[in-house]
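A short worksheet on the structure shown next.
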Amino acid sequence: MFGYVTIDRPEMKIREYYQYKGYYCGLCHELRDVYGVRGQMTLTYDMTFVVILLSSLYEEKTTMTTRRCAVHPVKKIPILKNALTRYGADMNILLTYYHFVDDWQDEKSLPGLTGIHMLHKKAQKVERGYPRQASVFRRQLKALRTLEKEDCQDLDAAAGCFGRLMEELLVLRQDEWEEKLRRMGFYLGKFIYLMDAFEDLPKDREKGLYNPLKDMWDRYAGDQERFSRDCGQMLEMMISECSGAFEQLPCLMEADILRNILYSGVWVKYRRMMKDKDQDTKGGSR
């Protein structure tokens with residue numbers, strides 16, 4: 001369900017791209033240093049965004065070092081890290097662990113079971129360090145599982161669970177920025193959930209799996225153009241609310257990177273999906 005909150009590289013300045021890459025590599029190395037190679041495998045673009053956002057908001061002092069790694073074995077690369085990099089790594093582990101639990105409970109997935117054994121002790125340690133976040137994550141994912149088992153087609157109800165999870169993730173501290181961060185996280189979470197449902201709908205329909213957009217597709221009688229347009233409008237509403245909350249935060253450091261992600265990067269996969277659908281339609285009409 002993650003991987004949508006990323007950059008639009010062609011729209012970035014070279015300096016901004018390497019700055020972003022430094023944060024991404026910093027999170028990668030933090031996962032490796034704290035949680036080993038297995039932890040490193042959980043790395044996501046989405047959590048890189050969280051690290052940059054919170055670093056900007058709290059003006060966290062960030063240090064740059066250079067290191068080699070398996071991906072860059074010859075030349076040392078710059079990595080950017082601060083205290084919030086560890087928060088991103090911890091949350092990455094916790095959410096990946098809960099994802100494995102969901103996979104095992106819902107589908108009896110062997111990769112899910114393997115992931116549970118791989119991350120169980122690590123996730124327990126994170127839960128003890130962040131009881132508020134962990135409690136909300138568990139509660140919302142449990143509620144979402146219940147809705148999925150009931151084949152709930154109420155988009156607000158289903159997407160809202162993931163929205164409340166994301167809002168808790170962004171609230172590192174319960175301070176004067178909490179309300180705006182919660183609003184930003186809530187709508188970003190709904191955007192991620194609905195984007196994931198939009199991308200997975202063809203596969204889910206084919207396999208008979210749950211998808212909150214199934215009834216909407218049926219109502220449109222397979223009218224792909226209308227369906228895609230209306231889904232696009234819903235997604236625009238979600239990210240517009242999220243971006244509006246972001247603009248009320250005093251984020252100056254890395255503001256251009258954050259705006260690239262929120263105004264363009266989150267749409268990279270959507271544009272690719274629409275291009276593929278358009279090509280499939282044209283191919284089918286020949």
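Identifiers for the structure tokens are assigned positionally: chains receive A, B, ... in sequence, residues are indexed from 1 per chain, and ligands are indexed from 1 in the order shown.
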
### Query
as a list of chain:residue names, which residues of segment 40-275 of chain A does DSSP assign to strand (DSSP E or B)?
A:Thr63, A:Met64, A:Thr65, A:Thr66, A:Arg67, A:Ile77, A:Pro78, A:Ile79, A:Leu80, A:Lys81

### Task
Tell me, as a PyMOL selection string, which residues lie within 8 Å of segment 103-120 of chain A, counting only C-alpha atoms; anything in the same chain fewer than 6 positions away does not count.
chain A and resi 38-39+93+97

### Query
Within 12 Å of segment 128-144 of chain A, counting only C-alpha atoms, which residues qualify if same-chain residues fewer than 6 places away don't, as a VMD selection string?
chain A and resid 86 to 87 90 to 103 105 to 106 121 to 122 150 to 174 189 193 210 to 212

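Restricting the calculation to only C-alpha atoms, the smallest distance between Lys61 of chain A and any of A:Phe49, A:Met253, A:Ile77, A:Glu178 is found for A:Met253.
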
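Take atom CA of Asp196 of chain A and atom CA of Cys231 of chain A: the distance between them is 11.5 Å.
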
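Candidate residues A:Met195, A:Val126, A:Thr65, A:Val50 were compared for distance to Met238 of chain A, and the nearest is A:Met195, using only C-alpha atoms.
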
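A straight line drawn from atom CA of Glu127 of chain A to atom CA of Leu258 of chain A is 28.1 Å long.
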
### Message
Residues near segment 202-208 of chain A, anyone? I mean within 12 Å using only C-alpha atoms, not counting same-chain ones fewer than 6 positions away, as number ranges by chain.
### Response
A: 151, 196, 214-215, 217-218, 222, 224, 273, 277

With all heavy atoms retained, export the selected residues as an mmCIF file, in the first residue's frame.
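Wrote again-v5.cif, looks like this:
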```
data_model
loop_
_atom_site.group_PDB
_atom_site.id
_atom_site.type_symbol
_atom_site.label_atom_id
_atom_site.label_comp_id
_atom_site.auth_asym_id
_atom_site.auth_seq_id
_atom_site.Cartn_x
_atom_site.Cartn_y
_atom_site.Cartn_z
ATOM 1 N N ASP A 151 -16.907 -6.631 3.311
ATOM 2 C CA ASP A 151 -16.981 -6.124 1.942
ATOM 3 C C ASP A 151 -17.567 -4.711 1.912
ATOM 4 O O ASP A 151 -18.402 -4.371 1.074
ATOM 5 C CB ASP A 151 -17.812 -7.062 1.057
ATOM 6 C CG ASP A 151 -17.596 -6.760 -0.441
ATOM 7 O OD1 ASP A 151 -16.506 -6.274 -0.806
ATOM 8 O OD2 ASP A 151 -18.535 -6.989 -1.232
ATOM 9 N N ASP A 196 -4.197 3.133 -3.951
ATOM 10 C CA ASP A 196 -3.878 1.708 -3.956
ATOM 11 C C ASP A 196 -5.075 0.897 -4.459
ATOM 12 O O ASP A 196 -4.918 -0.048 -5.244
ATOM 13 C CB ASP A 196 -3.498 1.274 -2.543
ATOM 14 C CG ASP A 196 -3.037 -0.164 -2.484
ATOM 15 O OD1 ASP A 196 -1.964 -0.472 -3.036
ATOM 16 O OD2 ASP A 196 -3.750 -0.995 -1.877
ATOM 17 N N LYS A 214 -15.202 -1.409 -5.905
ATOM 18 C CA LYS A 214 -15.895 -2.402 -6.735
ATOM 19 C C LYS A 214 -17.313 -1.963 -7.089
ATOM 20 O O LYS A 214 -17.730 -2.029 -8.252
ATOM 21 C CB LYS A 214 -15.927 -3.754 -6.013
ATOM 22 C CG LYS A 214 -16.565 -4.875 -6.821
ATOM 23 C CD LYS A 214 -16.523 -6.184 -6.041
ATOM 24 C CE LYS A 214 -17.327 -6.084 -4.755
ATOM 25 N NZ LYS A 214 -17.363 -7.363 -4.003
ATOM 26 N N ASP A 215 -18.080 -1.515 -6.109
ATOM 27 C CA ASP A 215 -19.461 -1.089 -6.378
ATOM 28 C C ASP A 215 -19.495 0.124 -7.304
ATOM 29 O O ASP A 215 -20.387 0.236 -8.165
ATOM 30 C CB ASP A 215 -20.182 -0.751 -5.067
ATOM 31 C CG ASP A 215 -20.706 -2.000 -4.366
ATOM 32 O OD1 ASP A 215 -20.415 -3.111 -4.847
ATOM 33 O OD2 ASP A 215 -21.386 -1.852 -3.330
ATOM 34 N N TRP A 217 -17.369 0.844 -9.632
ATOM 35 C CA TRP A 217 -17.087 0.332 -10.985
ATOM 36 C C TRP A 217 -18.344 -0.297 -11.581
ATOM 37 O O TRP A 217 -18.669 -0.076 -12.751
ATOM 38 C CB TRP A 217 -15.958 -0.685 -10.931
ATOM 39 C CG TRP A 217 -15.739 -1.426 -12.216
ATOM 40 C CD1 TRP A 217 -16.278 -2.633 -12.574
ATOM 41 C CD2 TRP A 217 -14.973 -0.982 -13.345
ATOM 42 N NE1 TRP A 217 -15.887 -2.987 -13.836
ATOM 43 C CE2 TRP A 217 -15.075 -1.990 -14.331
ATOM 44 C CE3 TRP A 217 -14.208 0.142 -13.607
ATOM 45 C CZ2 TRP A 217 -14.429 -1.890 -15.563
ATOM 46 C CZ3 TRP A 217 -13.562 0.246 -14.832
ATOM 47 C CH2 TRP A 217 -13.687 -0.755 -15.787
ATOM 48 N N ASP A 218 -19.041 -1.092 -10.772
ATOM 49 C CA ASP A 218 -20.259 -1.749 -11.256
ATOM 50 C C ASP A 218 -21.334 -0.728 -11.620
ATOM 51 O O ASP A 218 -22.058 -0.892 -12.610
ATOM 52 C CB ASP A 218 -20.792 -2.717 -10.191
ATOM 53 C CG ASP A 218 -19.877 -3.926 -9.993
ATOM 54 O OD1 ASP A 218 -19.049 -4.197 -10.890
ATOM 55 O OD2 ASP A 218 -19.978 -4.574 -8.932
ATOM 56 N N GLY A 222 -18.657 -0.428 -16.214
ATOM 57 C CA GLY A 222 -17.417 -0.612 -16.959
ATOM 58 C C GLY A 222 -16.999 0.574 -17.801
ATOM 59 O O GLY A 222 -16.135 0.427 -18.677
ATOM 60 N N GLN A 224 -14.774 2.980 -18.320
ATOM 61 C CA GLN A 224 -13.454 3.249 -17.777
ATOM 62 C C GLN A 224 -13.141 4.743 -17.716
ATOM 63 O O GLN A 224 -12.567 5.233 -16.727
ATOM 64 C CB GLN A 224 -12.388 2.547 -18.636
ATOM 65 C CG GLN A 224 -10.951 2.776 -18.184
ATOM 66 C CD GLN A 224 -10.656 2.131 -16.849
ATOM 67 O OE1 GLN A 224 -10.692 0.910 -16.729
ATOM 68 N NE2 GLN A 224 -10.346 2.934 -15.841
ATOM 69 N N MET A 273 -0.311 4.784 -14.613
ATOM 70 C CA MET A 273 -1.466 3.891 -14.727
ATOM 71 C C MET A 273 -2.399 4.345 -15.839
ATOM 72 O O MET A 273 -2.881 3.525 -16.628
ATOM 73 C CB MET A 273 -2.227 3.828 -13.401
ATOM 74 C CG MET A 273 -1.582 2.965 -12.348
ATOM 75 S SD MET A 273 -2.651 2.806 -10.882
ATOM 76 C CE MET A 273 -2.287 4.340 -10.025
ATOM 77 N N LYS A 277 -3.522 2.372 -19.175
ATOM 78 C CA LYS A 277 -4.921 2.101 -19.490
ATOM 79 C C LYS A 277 -5.268 2.631 -20.882
ATOM 80 O O LYS A 277 -6.003 1.987 -21.644
ATOM 81 C CB LYS A 277 -5.839 2.740 -18.439
ATOM 82 C CG LYS A 277 -5.780 2.107 -17.061
ATOM 83 C CD LYS A 277 -6.686 2.822 -16.092
ATOM 84 C CE LYS A 277 -6.491 2.356 -14.657
ATOM 85 N NZ LYS A 277 -6.826 0.946 -14.457
#
```

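Here atom CA of Ala245 of chain A is placed at a distance of 7.2 Å from atom CA of Leu181 of chain A.
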
### Task
Might you pull out every residue within 8 Å of Gly265 of chain A, with only C-alpha atoms counted and same-chain residues fewer than 5 positions away left off, and present them as a ChimeraX atom specification?
/A:4-9,260

Could you save the residues just selected, with C-alpha atoms, as an mmCIF file, in the first residue's frame?
```cif
data_model
loop_
_atom_site.group_PDB
_atom_site.id
_atom_site.type_symbol
_atom_site.label_atom_id
_atom_site.label_comp_id
_atom_site.auth_asym_id
_atom_site.auth_seq_id
_atom_site.Cartn_x
_atom_site.Cartn_y
_atom_site.Cartn_z
ATOM 1 C CA TYR A 4 2.990 6.522 -3.809
ATOM 2 C CA VAL A 5 4.537 9.368 -1.822
ATOM 3 C CA THR A 6 7.647 9.905 -3.878
ATOM 4 C CA ILE A 7 9.345 12.544 -5.991
ATOM 5 C CA ASP A 8 8.756 13.610 -9.574
ATOM 6 C CA ARG A 9 12.416 13.564 -10.553
ATOM 7 C CA ASN A 260 7.533 18.484 -5.485
#
```

### Query
Using only C-alpha atoms, which of the listed residues (A:Leu53, A:Val71, A:Ile79, A:Leu147) sits closest to Cys25 of chain A?
A:Ile79

### Task
Could you give me, as a PyMOL selection string, the residues within 8 Å of Leu57 of chain A, counting only C-alpha atoms and dropping anything in the same chain fewer than 3 positions from it?
chain A and resi 53-54+60+249-253

### Message
Would you pick out the contacts of Ser243 of chain A at 9 Å or less, using only C-alpha atoms, so that residues sharing its chain but fewer than 5 positions from it are not included, and give the list as a list in words?
### Response
Met184, Tyr187, Leu188, Met238, Gln248, Arg259, Leu262 and Tyr263 of chain A
